[in-house]
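K.L.:
Pasting work-v3.cif below, which is mmCIF, C-alpha atoms and all ligand atoms.
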```
data_run
loop_
_atom_site.group_PDB
_atom_site.id
_atom_site.type_symbol
_atom_site.label_atom_id
_atom_site.label_comp_id
_atom_site.auth_asym_id
_atom_site.auth_seq_id
_atom_site.Cartn_x
_atom_site.Cartn_y
_atom_site.Cartn_z
ATOM 1 C CA MET A 1 75.187 -38.473 -8.299
ATOM 2 C CA ALA A 2 78.028 -36.124 -7.563
ATOM 3 C CA ASN A 3 77.770 -33.635 -4.779
ATOM 4 C CA ILE A 4 77.613 -30.015 -5.863
ATOM 5 C CA PRO A 5 80.659 -27.862 -5.139
ATOM 6 C CA GLU A 6 80.186 -26.348 -1.720
ATOM 7 C CA GLU A 7 80.034 -22.758 -2.881
ATOM 8 C CA ARG A 8 76.712 -23.287 -4.664
ATOM 9 C CA THR A 9 73.677 -21.696 -2.981
ATOM 10 C CA ALA A 10 69.891 -21.983 -3.105
ATOM 11 C CA LEU A 11 66.840 -20.127 -1.838
ATOM 12 C CA VAL A 12 63.811 -22.267 -0.946
ATOM 13 C CA THR A 13 60.488 -20.624 -0.095
ATOM 14 C CA GLY A 14 58.008 -22.339 2.201
ATOM 15 C CA ALA A 15 60.963 -24.168 3.775
ATOM 16 C CA GLY A 16 59.425 -24.115 7.258
ATOM 17 C CA GLY A 17 57.193 -27.128 6.678
ATOM 18 C CA GLY A 18 55.538 -29.433 4.155
ATOM 19 C CA MET A 19 57.460 -30.247 0.994
ATOM 20 C CA GLY A 20 59.723 -27.183 1.326
ATOM 21 C CA ARG A 21 61.342 -28.775 4.385
ATOM 22 C CA ASP A 22 62.262 -31.892 2.402
ATOM 23 C CA ILE A 23 63.516 -29.853 -0.551
ATOM 24 C CA ALA A 24 65.766 -27.768 1.721
ATOM 25 C CA ARG A 25 67.137 -30.813 3.547
ATOM 26 C CA GLN A 26 67.850 -32.641 0.277
ATOM 27 C CA LEU A 27 69.683 -29.602 -1.131
ATOM 28 C CA LEU A 28 71.761 -29.387 2.071
ATOM 29 C CA ALA A 29 72.555 -33.090 1.769
ATOM 30 C CA ARG A 30 73.807 -32.448 -1.765
ATOM 31 C CA GLY A 31 76.284 -29.862 -0.436
ATOM 32 C CA LEU A 32 74.503 -26.583 -1.167
ATOM 33 C CA ARG A 33 74.159 -23.684 1.217
ATOM 34 C CA VAL A 34 70.514 -22.786 1.562
ATOM 35 C CA GLY A 35 68.437 -19.720 2.414
ATOM 36 C CA LEU A 36 65.223 -20.920 4.059
ATOM 37 C CA ALA A 37 62.253 -18.559 3.736
ATOM 38 C CA ASP A 38 58.937 -19.008 5.530
ATOM 39 C CA LEU A 39 56.274 -17.288 7.610
ATOM 40 C CA ASN A 40 56.972 -19.695 10.435
ATOM 41 C CA PRO A 41 60.309 -19.199 12.293
ATOM 42 C CA ALA A 42 59.841 -22.288 14.492
ATOM 43 C CA GLY A 43 59.287 -24.365 11.373
ATOM 44 C CA LEU A 44 62.521 -23.028 9.880
ATOM 45 C CA GLU A 45 64.434 -24.003 13.015
ATOM 46 C CA GLU A 46 63.026 -27.525 12.735
ATOM 47 C CA THR A 47 64.052 -27.769 9.077
ATOM 48 C CA ALA A 48 67.663 -26.809 9.824
ATOM 49 C CA PRO A 49 68.911 -24.792 12.804
ATOM 50 C CA ALA A 50 69.998 -21.198 12.245
ATOM 51 C CA ALA A 51 73.250 -22.115 14.032
ATOM 52 C CA ASP A 52 74.215 -24.242 11.003
ATOM 53 C CA PRO A 53 76.641 -22.085 8.955
ATOM 54 C CA ARG A 54 75.287 -23.597 5.713
ATOM 55 C CA VAL A 55 71.869 -22.110 6.441
ATOM 56 C CA ILE A 56 70.206 -18.731 6.781
ATOM 57 C CA HIS A 57 66.698 -18.199 8.041
ATOM 58 C CA ILE A 58 64.544 -15.626 6.265
ATOM 59 C CA ALA A 59 61.443 -15.456 8.434
ATOM 60 C CA GLY A 60 58.508 -13.347 7.342
ATOM 61 C CA ASP A 61 55.629 -12.927 4.950
ATOM 62 C CA LEU A 62 56.838 -13.072 1.344
ATOM 63 C CA THR A 63 53.721 -11.219 0.195
ATOM 64 C CA ARG A 64 54.906 -7.975 1.811
ATOM 65 C CA ASP A 65 56.123 -5.331 -0.609
ATOM 66 C CA GLY A 66 59.882 -5.789 -1.051
ATOM 67 C CA ALA A 67 60.029 -9.137 0.810
ATOM 68 C CA PRO A 68 60.842 -11.282 -2.270
ATOM 69 C CA GLU A 69 63.707 -8.969 -3.265
ATOM 70 C CA ALA A 70 64.949 -8.905 0.366
ATOM 71 C CA ALA A 71 64.971 -12.727 0.490
ATOM 72 C CA VAL A 72 67.145 -12.917 -2.626
ATOM 73 C CA SER A 73 69.417 -10.159 -1.240
ATOM 74 C CA ALA A 74 69.814 -12.074 2.036
ATOM 75 C CA VAL A 75 71.328 -15.007 0.134
ATOM 76 C CA LEU A 76 73.510 -12.730 -2.028
ATOM 77 C CA ASP A 77 74.703 -10.710 0.978
ATOM 78 C CA ARG A 78 75.698 -13.834 2.884
ATOM 79 C CA TRP A 79 77.245 -15.952 0.117
ATOM 80 C CA GLY A 80 77.644 -13.675 -2.902
ATOM 81 C CA ARG A 81 75.685 -15.849 -5.303
ATOM 82 C CA ILE A 82 72.364 -17.550 -5.933
ATOM 83 C CA ASP A 83 72.433 -20.654 -8.114
ATOM 84 C CA VAL A 84 69.002 -22.129 -7.401
ATOM 85 C CA LEU A 85 65.602 -20.663 -6.536
ATOM 86 C CA VAL A 86 62.757 -22.983 -5.560
ATOM 87 C CA ASN A 87 59.401 -21.181 -5.475
ATOM 88 C CA ASN A 88 57.578 -23.671 -3.275
ATOM 89 C CA ALA A 89 55.607 -21.546 -0.759
ATOM 90 C CA GLY A 90 51.908 -21.786 -1.484
ATOM 91 C CA TYR A 91 48.458 -21.238 -0.096
ATOM 92 C CA GLY A 92 45.019 -22.500 -1.034
ATOM 93 C CA VAL A 93 41.544 -22.353 0.424
ATOM 94 C CA ILE A 94 38.420 -24.293 -0.486
ATOM 95 C CA GLU A 95 35.357 -22.138 -1.204
ATOM 96 C CA PRO A 96 32.210 -23.009 -3.166
ATOM 97 C CA PHE A 97 32.345 -21.163 -6.490
ATOM 98 C CA LEU A 98 29.358 -18.866 -5.906
ATOM 99 C CA ASP A 99 30.595 -17.937 -2.430
ATOM 100 C CA MET A 100 34.153 -17.079 -3.405
ATOM 101 C CA THR A 101 35.576 -14.134 -1.482
ATOM 102 C CA ARG A 102 37.886 -11.357 -2.590
ATOM 103 C CA GLN A 103 39.973 -12.006 0.521
ATOM 104 C CA ALA A 104 40.661 -15.630 -0.465
ATOM 105 C CA PHE A 105 41.513 -14.644 -4.036
ATOM 106 C CA GLU A 106 43.873 -11.897 -2.931
ATOM 107 C CA ARG A 107 45.631 -14.007 -0.316
ATOM 108 C CA THR A 108 46.067 -16.909 -2.747
ATOM 109 C CA PHE A 109 47.371 -14.792 -5.613
ATOM 110 C CA ALA A 110 49.639 -12.715 -3.330
ATOM 111 C CA ILE A 111 51.850 -15.682 -2.424
ATOM 112 C CA ASN A 112 51.278 -18.157 -5.277
ATOM 113 C CA VAL A 113 51.619 -15.611 -8.094
ATOM 114 C CA THR A 114 52.874 -12.127 -7.157
ATOM 115 C CA ALA A 115 55.542 -13.213 -4.668
ATOM 116 C CA LEU A 116 56.649 -16.007 -7.017
ATOM 117 C CA ALA A 117 56.946 -13.558 -9.927
ATOM 118 C CA MET A 118 58.931 -11.043 -7.859
ATOM 119 C CA LEU A 119 61.223 -13.769 -6.491
ATOM 120 C CA THR A 120 61.780 -14.998 -10.042
ATOM 121 C CA THR A 121 62.705 -11.560 -11.357
ATOM 122 C CA ALA A 122 64.947 -10.724 -8.383
ATOM 123 C CA ALA A 123 66.807 -14.050 -8.579
ATOM 124 C CA GLY A 124 66.704 -13.938 -12.387
ATOM 125 C CA ARG A 125 68.572 -10.615 -12.445
ATOM 126 C CA ALA A 126 71.331 -11.993 -10.190
ATOM 127 C CA MET A 127 71.536 -15.227 -12.219
ATOM 128 C CA LYS A 128 71.716 -13.242 -15.457
ATOM 129 C CA ASP A 129 74.675 -11.258 -14.095
ATOM 130 C CA ALA A 130 76.334 -14.510 -12.999
ATOM 131 C CA GLY A 131 75.692 -16.190 -16.376
ATOM 132 C CA GLY A 132 73.483 -19.037 -15.148
ATOM 133 C CA GLY A 133 71.158 -20.564 -12.597
ATOM 134 C CA ARG A 134 68.065 -22.682 -12.207
ATOM 135 C CA ILE A 135 64.578 -21.787 -11.034
ATOM 136 C CA VAL A 136 61.922 -24.363 -10.145
ATOM 137 C CA ASN A 137 58.321 -23.272 -9.624
ATOM 138 C CA VAL A 138 55.912 -25.567 -7.813
ATOM 139 C CA THR A 139 52.628 -25.722 -9.710
ATOM 140 C CA SER A 140 49.754 -28.211 -9.372
ATOM 141 C CA PRO A 141 47.613 -30.578 -11.453
ATOM 142 C CA ALA A 142 44.834 -28.174 -10.326
ATOM 143 C CA SER A 143 46.054 -25.614 -12.872
ATOM 144 C CA ARG A 144 44.479 -27.644 -15.685
ATOM 145 C CA MET A 145 41.419 -29.007 -13.902
ATOM 146 C CA ALA A 146 37.899 -27.609 -13.483
ATOM 147 C CA LEU A 147 37.651 -27.237 -9.712
ATOM 148 C CA PRO A 148 34.585 -25.200 -8.744
ATOM 149 C CA ASN A 149 35.419 -25.393 -5.024
ATOM 150 C CA TYR A 150 39.097 -24.555 -5.478
ATOM 151 C CA ALA A 151 38.954 -22.000 -8.287
ATOM 152 C CA ALA A 152 41.269 -19.332 -6.856
ATOM 153 C CA TYR A 153 43.984 -21.900 -6.169
ATOM 154 C CA ALA A 154 43.626 -23.557 -9.589
ATOM 155 C CA ALA A 155 43.722 -20.175 -11.349
ATOM 156 C CA SER A 156 46.785 -19.145 -9.348
ATOM 157 C CA LYS A 157 48.625 -22.286 -10.450
ATOM 158 C CA ALA A 158 47.634 -21.651 -14.090
ATOM 159 C CA ALA A 159 49.340 -18.283 -13.601
ATOM 160 C CA VAL A 160 52.408 -20.081 -12.236
ATOM 161 C CA ASP A 161 52.573 -22.120 -15.453
ATOM 162 C CA SER A 162 52.290 -18.940 -17.504
ATOM 163 C CA ILE A 163 55.030 -17.149 -15.537
ATOM 164 C CA THR A 164 57.244 -20.235 -15.833
ATOM 165 C CA ARG A 165 57.002 -20.147 -19.627
ATOM 166 C CA ALA A 166 57.607 -16.374 -19.814
ATOM 167 C CA ALA A 167 60.563 -16.518 -17.404
ATOM 168 C CA ALA A 168 62.093 -19.470 -19.258
ATOM 169 C CA VAL A 169 62.095 -17.517 -22.527
ATOM 170 C CA ALA A 170 63.247 -14.242 -20.912
ATOM 171 C CA LEU A 171 66.148 -15.925 -19.118
ATOM 172 C CA ALA A 172 67.177 -18.524 -21.734
ATOM 173 C CA PRO A 173 69.746 -16.197 -23.409
ATOM 174 C CA HIS A 174 71.439 -15.830 -20.021
ATOM 175 C CA GLY A 175 71.861 -19.537 -19.270
ATOM 176 C CA VAL A 176 69.098 -19.611 -16.674
ATOM 177 C CA LEU A 177 66.714 -22.592 -16.798
ATOM 178 C CA VAL A 178 63.153 -22.199 -15.521
ATOM 179 C CA ASN A 179 60.918 -25.242 -15.060
ATOM 180 C CA ALA A 180 57.829 -26.197 -13.095
ATOM 181 C CA LEU A 181 56.905 -29.277 -11.149
ATOM 182 C CA ALA A 182 53.339 -30.445 -10.517
ATOM 183 C CA PRO A 183 53.110 -32.621 -7.382
ATOM 184 C CA GLY A 184 50.361 -35.153 -6.913
ATOM 185 C CA MET A 185 48.447 -35.427 -3.664
ATOM 186 C CA MET A 186 50.935 -35.417 -0.772
ATOM 187 C CA ASP A 187 50.084 -35.737 2.878
ATOM 188 C CA THR A 188 50.992 -32.227 4.064
ATOM 189 C CA GLU A 189 49.285 -29.627 6.221
ATOM 190 C CA MET A 190 47.877 -27.906 3.124
ATOM 191 C CA GLN A 191 46.403 -31.110 1.725
ATOM 192 C CA ARG A 192 44.926 -32.233 5.082
ATOM 193 C CA THR A 193 43.208 -28.874 5.627
ATOM 194 C CA THR A 194 41.820 -28.507 2.107
ATOM 195 C CA GLU A 195 40.474 -32.049 1.862
ATOM 196 C CA ALA A 196 38.745 -31.792 5.269
ATOM 197 C CA VAL A 197 36.924 -28.638 4.092
ATOM 198 C CA LEU A 198 36.151 -30.212 0.720
ATOM 199 C CA ALA A 199 34.568 -33.211 2.426
ATOM 200 C CA LYS A 200 32.359 -30.864 4.446
ATOM 201 C CA ILE A 201 31.274 -28.852 1.389
ATOM 202 C CA GLU A 202 30.426 -32.078 -0.436
ATOM 203 C CA GLY A 203 28.301 -33.121 2.538
ATOM 204 C CA ARG A 204 30.540 -36.035 3.502
ATOM 205 C CA THR A 205 30.820 -37.030 7.127
ATOM 206 C CA ASP A 206 32.848 -40.180 6.416
ATOM 207 C CA VAL A 207 36.095 -38.302 5.792
ATOM 208 C CA GLU A 208 38.297 -41.419 5.749
ATOM 209 C CA ALA A 209 36.142 -43.054 3.038
ATOM 210 C CA PHE A 210 36.140 -39.765 1.106
ATOM 211 C CA LEU A 211 39.956 -39.632 1.210
ATOM 212 C CA ALA A 212 40.233 -43.284 0.161
ATOM 213 C CA GLU A 213 37.975 -42.640 -2.853
ATOM 214 C CA ARG A 214 40.178 -39.746 -3.902
ATOM 215 C CA THR A 215 43.271 -41.911 -3.549
ATOM 216 C CA ARG A 216 41.712 -44.613 -5.747
ATOM 217 C CA ARG A 217 41.350 -42.064 -8.560
ATOM 218 C CA ILE A 218 45.134 -41.796 -8.796
ATOM 219 C CA PRO A 219 46.272 -44.231 -11.523
ATOM 220 C CA LEU A 220 49.224 -45.438 -9.392
ATOM 221 C CA GLY A 221 46.733 -46.067 -6.568
ATOM 222 C CA ARG A 222 48.575 -44.209 -3.811
ATOM 223 C CA ARG A 223 49.419 -40.720 -2.657
ATOM 224 C CA ALA A 224 52.815 -39.194 -3.355
ATOM 225 C CA GLY A 225 55.534 -39.303 -0.722
ATOM 226 C CA VAL A 226 56.704 -35.782 0.128
ATOM 227 C CA ASP A 227 60.300 -37.003 -0.108
ATOM 228 C CA GLU A 228 59.894 -38.449 -3.619
ATOM 229 C CA VAL A 229 58.259 -35.275 -4.956
ATOM 230 C CA ALA A 230 60.952 -33.169 -3.264
ATOM 231 C CA ALA A 231 63.569 -35.367 -4.957
ATOM 232 C CA SER A 232 62.109 -34.511 -8.358
ATOM 233 C CA VAL A 233 62.275 -30.778 -7.520
ATOM 234 C CA VAL A 234 65.930 -31.245 -6.572
ATOM 235 C CA TRP A 235 66.509 -33.176 -9.813
ATOM 236 C CA LEU A 236 65.164 -30.218 -11.817
ATOM 237 C CA ALA A 237 67.228 -27.805 -9.704
ATOM 238 C CA LEU A 238 70.532 -29.670 -9.990
ATOM 239 C CA ASP A 239 70.555 -32.626 -12.357
ATOM 240 C CA ALA A 240 68.134 -32.151 -15.259
ATOM 241 C CA PRO A 241 69.846 -31.786 -18.644
ATOM 242 C CA ALA A 242 70.820 -28.206 -19.506
ATOM 243 C CA TYR A 243 68.566 -28.285 -22.597
ATOM 244 C CA MET A 244 65.426 -28.601 -20.459
ATOM 245 C CA THR A 245 63.646 -25.319 -19.864
ATOM 246 C CA ALA A 246 60.003 -24.127 -19.907
ATOM 247 C CA GLU A 247 59.072 -27.694 -18.936
ATOM 248 C CA ARG A 248 56.269 -28.750 -16.597
ATOM 249 C CA LEU A 249 57.072 -32.053 -14.967
ATOM 250 C CA ASN A 250 54.199 -34.172 -13.633
ATOM 251 C CA MET A 251 54.826 -36.054 -10.374
ATOM 252 C CA SER A 252 51.197 -36.965 -9.830
ATOM 253 C CA GLY A 253 51.083 -40.745 -10.191
ATOM 254 C CA GLY A 254 49.265 -40.415 -13.515
ATOM 255 C CA LEU A 255 46.627 -37.926 -12.319
ATOM 256 C CA ASP A 256 47.862 -35.292 -14.743
ATOM 257 C CA LYS A 257 48.586 -36.801 -18.134
ATOM 258 C CA ASP A 258 49.285 -33.850 -20.466
HETATM 259 N N1 LIG B 1 50.182 -30.989 -0.739
HETATM 260 C C1 LIG B 1 49.814 -31.325 -1.950
HETATM 261 O O1 LIG B 1 49.203 -32.369 -2.145
HETATM 262 C C2 LIG B 1 50.147 -30.419 -3.118
HETATM 263 C C3 LIG B 1 49.679 -30.809 -4.384
HETATM 264 C C4 LIG B 1 50.005 -29.993 -5.474
HETATM 265 C C5 LIG B 1 50.772 -28.851 -5.303
HETATM 266 N N2 LIG B 1 51.203 -28.511 -4.049
HETATM 267 C C6 LIG B 1 52.048 -27.317 -3.933
HETATM 268 O O2 LIG B 1 53.265 -27.680 -3.288
HETATM 269 C C7 LIG B 1 53.799 -26.547 -2.578
HETATM 270 C C8 LIG B 1 54.088 -26.945 -1.143
HETATM 271 O O3 LIG B 1 52.862 -27.309 -0.540
HETATM 272 P P1 LIG B 1 52.748 -28.067 0.851
HETATM 273 O O4 LIG B 1 51.715 -29.101 0.683
HETATM 274 O O5 LIG B 1 54.104 -28.410 1.361
HETATM 275 O O6 LIG B 1 52.090 -26.857 1.700
HETATM 276 P P2 LIG B 1 52.205 -26.509 3.263
HETATM 277 O O7 LIG B 1 51.051 -25.612 3.541
HETATM 278 O O8 LIG B 1 52.357 -27.751 4.073
HETATM 279 O O9 LIG B 1 53.572 -25.663 3.313
HETATM 280 C C9 LIG B 1 53.657 -24.413 2.671
HETATM 281 C C10 LIG B 1 54.684 -23.559 3.398
HETATM 282 O O10 LIG B 1 54.672 -22.256 2.782
HETATM 283 C C11 LIG B 1 54.688 -21.279 3.813
HETATM 284 N N3 LIG B 1 54.038 -20.051 3.380
HETATM 285 C C12 LIG B 1 52.735 -19.901 3.001
HETATM 286 N N4 LIG B 1 52.473 -18.611 2.734
HETATM 287 C C13 LIG B 1 53.629 -17.924 2.921
HETATM 288 C C14 LIG B 1 53.984 -16.553 2.838
HETATM 289 N N5 LIG B 1 53.073 -15.617 2.514
HETATM 290 N N6 LIG B 1 55.268 -16.189 3.088
HETATM 291 C C15 LIG B 1 56.177 -17.119 3.460
HETATM 292 N N7 LIG B 1 55.894 -18.451 3.582
HETATM 293 C C16 LIG B 1 54.633 -18.842 3.320
HETATM 294 C C17 LIG B 1 53.917 -21.915 4.971
HETATM 295 O O11 LIG B 1 54.223 -21.304 6.221
HETATM 296 C C18 LIG B 1 54.345 -23.366 4.885
HETATM 297 O O12 LIG B 1 55.495 -23.653 5.678
HETATM 298 C C19 LIG B 1 52.752 -25.439 -2.708
HETATM 299 O O13 LIG B 1 53.119 -24.555 -3.754
HETATM 300 C C20 LIG B 1 51.487 -26.203 -3.076
HETATM 301 O O14 LIG B 1 50.565 -25.391 -3.779
HETATM 302 C C21 LIG B 1 50.910 -29.270 -2.951
#
```
Let's see the structure in the file written out as structure tokens.
Ligand SMILES: NC(=O)c1ccc[n+]([C@@H]2O[C@H](COP(=O)([O-])OP(=O)(O)OC[C@H]3O[C@@H](n4cnc5c(N)ncnc54)[C@H](O)[C@@H]3O)[C@@H](O)[C@H]2O)c1

P.N.:
Amino acid sequence: MANIPEERTALVTGAGGGMGRDIARQLLARGLRVGLADLNPAGLEETAPAADPRVIHIAGDLTRDGAPEAAVSAVLDRWGRIDVLVNNAGYGVIEPFLDMTRQAFERTFAINVTALAMLTTAAGRAMKDAGGGRIVNVTSPASRMALPNYAAYAASKAAVDSITRAAAVALAPHGVLVNALAPGMMDTEMQRTTEAVLAKIEGRTDVEAFLAERTRRIPLGRRAGVDEVAASVVWLALDAPAYMTAERLNMSGGLDKD
């Protein structure tokens, strides 16, 4: 695999931890300059120090009005171009269906859907002007499952799939490819927190056995490595054939089969 010419740039959201950290580091290793956006400034520093000239830190809440557009502008102001956008930042909370709260719905949709849509349009406009680019949205197998204890999250990821298709068609005439990637179960902060709450709601005290049962349901019989899922995001962002757009790629070990 050839390295990308050094002038290419990317913006990765949720780059202060979890899979976003691996995505950002893999893009840097491929020779891109990368804008790292996250709520957590210390996490950004751990991903790649702000002193690195190939990096900018964009610390703050992407759900604030104007924050998605400002994140894209930060990359454009520094390097004059944006070739890749990875919409990876996400949030989810387990709640039993009949006890769902407005607060959980709003918080989930604000980052997973609204911020993602605004980032896509802001980057899409710059990519249109430049005549090309690639956008990768991180979705989830949850978007097509019936998950009564995780309904807001699942619905938000169904919206991600919908926005991916709409953006792919809107941006196709301008040489911009928009695809989605559905990770399987990875051992990240998000997954640890949600499964612990799920175990509690399902009345399970033997959390380790509960987790092992869930792992056994994955046809490949193991959880996904964060690095291998990140590699597939980077493949879509840099290497996938130029005829691939509006695609949803499953990296779930056979969990999601459509
Ligand atoms: N972990 C899994 O098993 C799994 C499975 C399927 C899909 N996903 C998806 O993969 C993506 C990455 O998940 P992860 O497991 O690495 O999660 P994570 O919680 O470990 O990391 C998410 C990152 O996004 C950042 N973030 C959250 N809200 C933000 C906001 N409002 N503004 C700026 N940054 C914000 C967090 O600070 C964090 O660094 C998410 O879109 C998630 O829905 C994860």

K.L.:
Looking at A:Arg30, A:His57, A:Arg217, A:Arg248, which one is nearest to Ala158 (chain A), with distances taken over all atoms listed in the file?

P.N.:
A:Arg248

K.L.:
Could you pull out the residues sitting within 7 Å of ligand LIG 1 (chain B), using only C-alpha atoms and all ligand atoms, and write them as a ChimeraX atom specification?

P.N.:
/A:13-20,37-40,43,60-63,88-92,111-112,138-141,182-191

K.L.:
Can you list every residue of region 101-184 of chain A that has an atom at most 6 Å from region 241-247 of chain A, with its nearest atom pair and the distance in Å to one decimal, using all atoms listed in the file, ordered by chain then number, as a tab-separated table?

P.N.:
```
residue	atom	partner	partner_atom	distance
A:Arg165	CA	A:Ala246	CA	5.0
A:Ala168	CA	A:Ala246	CA	5.1
A:Leu177	CA	A:Thr245	CA	5.1
A:Val178	CA	A:Thr245	CA	5.4
A:Asn179	CA	A:Glu247	CA	4.9
```

K.L.:
Could you check the closest approach to Ala104 (chain A) for each of A:Ala151, A:Met127, A:Ala146, A:Ala59 and tell me which residue wins, using only C-alpha atoms?

P.N.:
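Among the listed residues, A:Ala151 lies closest to Ala104 (chain A).
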
K.L.:
Run the PyMOL selection byres (((chain A and resi 134-137) around 9) and not hetatm) mentally over the shown coordinates, then write out the matched residues as a PyMOL selection string, using the chain letters and numbers from the document.

P.N.:
chain A and resi 83-88+116+120+123-124+127+132-133+138-139+160-161+164+168+175-182+233-234+236-238

K.L.:
Once you have the residues from the selection above, write them out as a PDB file, in the frame of the given file, restricted to C-alpha atoms.

P.N.:
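See out36.pdb below for the written result:
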```pdb
ATOM      1  CA  ASP A  83      72.433 -20.654  -8.114  1.00  0.00           C
ATOM      2  CA  VAL A  84      69.002 -22.129  -7.401  1.00  0.00           C
ATOM      3  CA  LEU A  85      65.602 -20.663  -6.536  1.00  0.00           C
ATOM      4  CA  VAL A  86      62.757 -22.983  -5.560  1.00  0.00           C
ATOM      5  CA  ASN A  87      59.401 -21.181  -5.475  1.00  0.00           C
ATOM      6  CA  ASN A  88      57.578 -23.671  -3.275  1.00  0.00           C
ATOM      7  CA  LEU A 116      56.649 -16.007  -7.017  1.00  0.00           C
ATOM      8  CA  THR A 120      61.780 -14.998 -10.042  1.00  0.00           C
ATOM      9  CA  ALA A 123      66.807 -14.050  -8.579  1.00  0.00           C
ATOM     10  CA  GLY A 124      66.704 -13.938 -12.387  1.00  0.00           C
ATOM     11  CA  MET A 127      71.536 -15.227 -12.219  1.00  0.00           C
ATOM     12  CA  GLY A 132      73.483 -19.037 -15.148  1.00  0.00           C
ATOM     13  CA  GLY A 133      71.158 -20.564 -12.597  1.00  0.00           C
ATOM     14  CA  VAL A 138      55.912 -25.567  -7.813  1.00  0.00           C
ATOM     15  CA  THR A 139      52.628 -25.722  -9.710  1.00  0.00           C
ATOM     16  CA  VAL A 160      52.408 -20.081 -12.236  1.00  0.00           C
ATOM     17  CA  ASP A 161      52.573 -22.120 -15.453  1.00  0.00           C
ATOM     18  CA  THR A 164      57.244 -20.235 -15.833  1.00  0.00           C
ATOM     19  CA  ALA A 168      62.093 -19.470 -19.258  1.00  0.00           C
ATOM     20  CA  GLY A 175      71.861 -19.537 -19.270  1.00  0.00           C
ATOM     21  CA  VAL A 176      69.098 -19.611 -16.674  1.00  0.00           C
ATOM     22  CA  LEU A 177      66.714 -22.592 -16.798  1.00  0.00           C
ATOM     23  CA  VAL A 178      63.153 -22.199 -15.521  1.00  0.00           C
ATOM     24  CA  ASN A 179      60.918 -25.242 -15.060  1.00  0.00           C
ATOM     25  CA  ALA A 180      57.829 -26.197 -13.095  1.00  0.00           C
ATOM     26  CA  LEU A 181      56.905 -29.277 -11.149  1.00  0.00           C
ATOM     27  CA  ALA A 182      53.339 -30.445 -10.517  1.00  0.00           C
ATOM     28  CA  VAL A 233      62.275 -30.778  -7.520  1.00  0.00           C
ATOM     29  CA  VAL A 234      65.930 -31.245  -6.572  1.00  0.00           C
ATOM     30  CA  LEU A 236      65.164 -30.218 -11.817  1.00  0.00           C
ATOM     31  CA  ALA A 237      67.228 -27.805  -9.704  1.00  0.00           C
ATOM     32  CA  LEU A 238      70.532 -29.670  -9.990  1.00  0.00           C
TER      33      LEU A 238
END
```

K.L.:
Between CA of Arg78 (chain A) and CA of Pro53 (chain A), what is the distance, to one decimal in Å?

P.N.:
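According to the coordinates, CA of Arg78 (chain A) and CA of Pro53 (chain A) are separated by 10.3 Å.
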
K.L.:
List the residues sitting within 12 Å of (66.5, -34.2, -0.4) in the file's frame, using all atoms listed in the file, as a compact mmCIF listing (two decimals) with C-alpha atoms, keeping the file's coordinate frame.

P.N.:
```txt
# COMPACT_ATOMS: atom_id res chain seq x y z
CA MET A 19 57.46 -30.25 0.99
CA GLY A 20 59.72 -27.18 1.33
CA ARG A 21 61.34 -28.78 4.38
CA ASP A 22 62.26 -31.89 2.40
CA ILE A 23 63.52 -29.85 -0.55
CA ALA A 24 65.77 -27.77 1.72
CA ARG A 25 67.14 -30.81 3.55
CA GLN A 26 67.85 -32.64 0.28
CA LEU A 27 69.68 -29.60 -1.13
CA LEU A 28 71.76 -29.39 2.07
CA ALA A 29 72.56 -33.09 1.77
CA ARG A 30 73.81 -32.45 -1.76
CA GLY A 31 76.28 -29.86 -0.44
CA LEU A 32 74.50 -26.58 -1.17
CA THR A 47 64.05 -27.77 9.08
CA VAL A 226 56.70 -35.78 0.13
CA ASP A 227 60.30 -37.00 -0.11
CA GLU A 228 59.89 -38.45 -3.62
CA VAL A 229 58.26 -35.28 -4.96
CA ALA A 230 60.95 -33.17 -3.26
CA ALA A 231 63.57 -35.37 -4.96
CA SER A 232 62.11 -34.51 -8.36
CA VAL A 233 62.28 -30.78 -7.52
CA VAL A 234 65.93 -31.24 -6.57
CA TRP A 235 66.51 -33.18 -9.81
CA ALA A 237 67.23 -27.80 -9.70
CA LEU A 238 70.53 -29.67 -9.99
```

K.L.:
Of the candidates A:Ala74, A:Ala110, A:Ala159, A:Ala196, which one gets nearest to Leu36 (chain A) if we count all atoms listed in the file?

P.N.:
A:Ala74

K.L.:
Mind pulling up the distance from CA of Ala42 (chain A) to CA of Ile56 (chain A)?

P.N.:
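Answer for the CA of Ile56 (chain A) to CA of Ala42 (chain A) separation: 13.4 Å.
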
K.L.:
When you count all atoms listed in the file, which of these residues is closest to Asp99 (chain A): A:Ala126, A:Arg81, A:Ala10, A:Ile201?

P.N.:
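Looking only at the distances to Asp99 (chain A), the closest residue turns out to be A:Ile201.
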
K.L.:
Need the shell around Ser73 (chain A): protein/DNA/RNA residues with any atom at most 12 Å away, counting all atoms listed in the file. Skip same-chain ones fewer than 4 positions apart. Format as a list in words?

P.N.:
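In the requested form, the answer reads Ala10, Leu11, Gly35, Ile56, Ile58, Gly66, Ala67, Pro68, Glu69, Asp77, Arg78, Trp79, Gly80, Arg81, Ile82, Leu119, Ala122, Ala123, Arg125 and Ala126 of chain A.
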
K.L.:
Running the PyMOL selection byres (((chain A and resi 210-216) around 12) and not hetatm) on this model by hand, what would come out? Give it as a ChimeraX atom specification.

P.N.:
/A:184-187,191-192,194-209,217-224,252-255
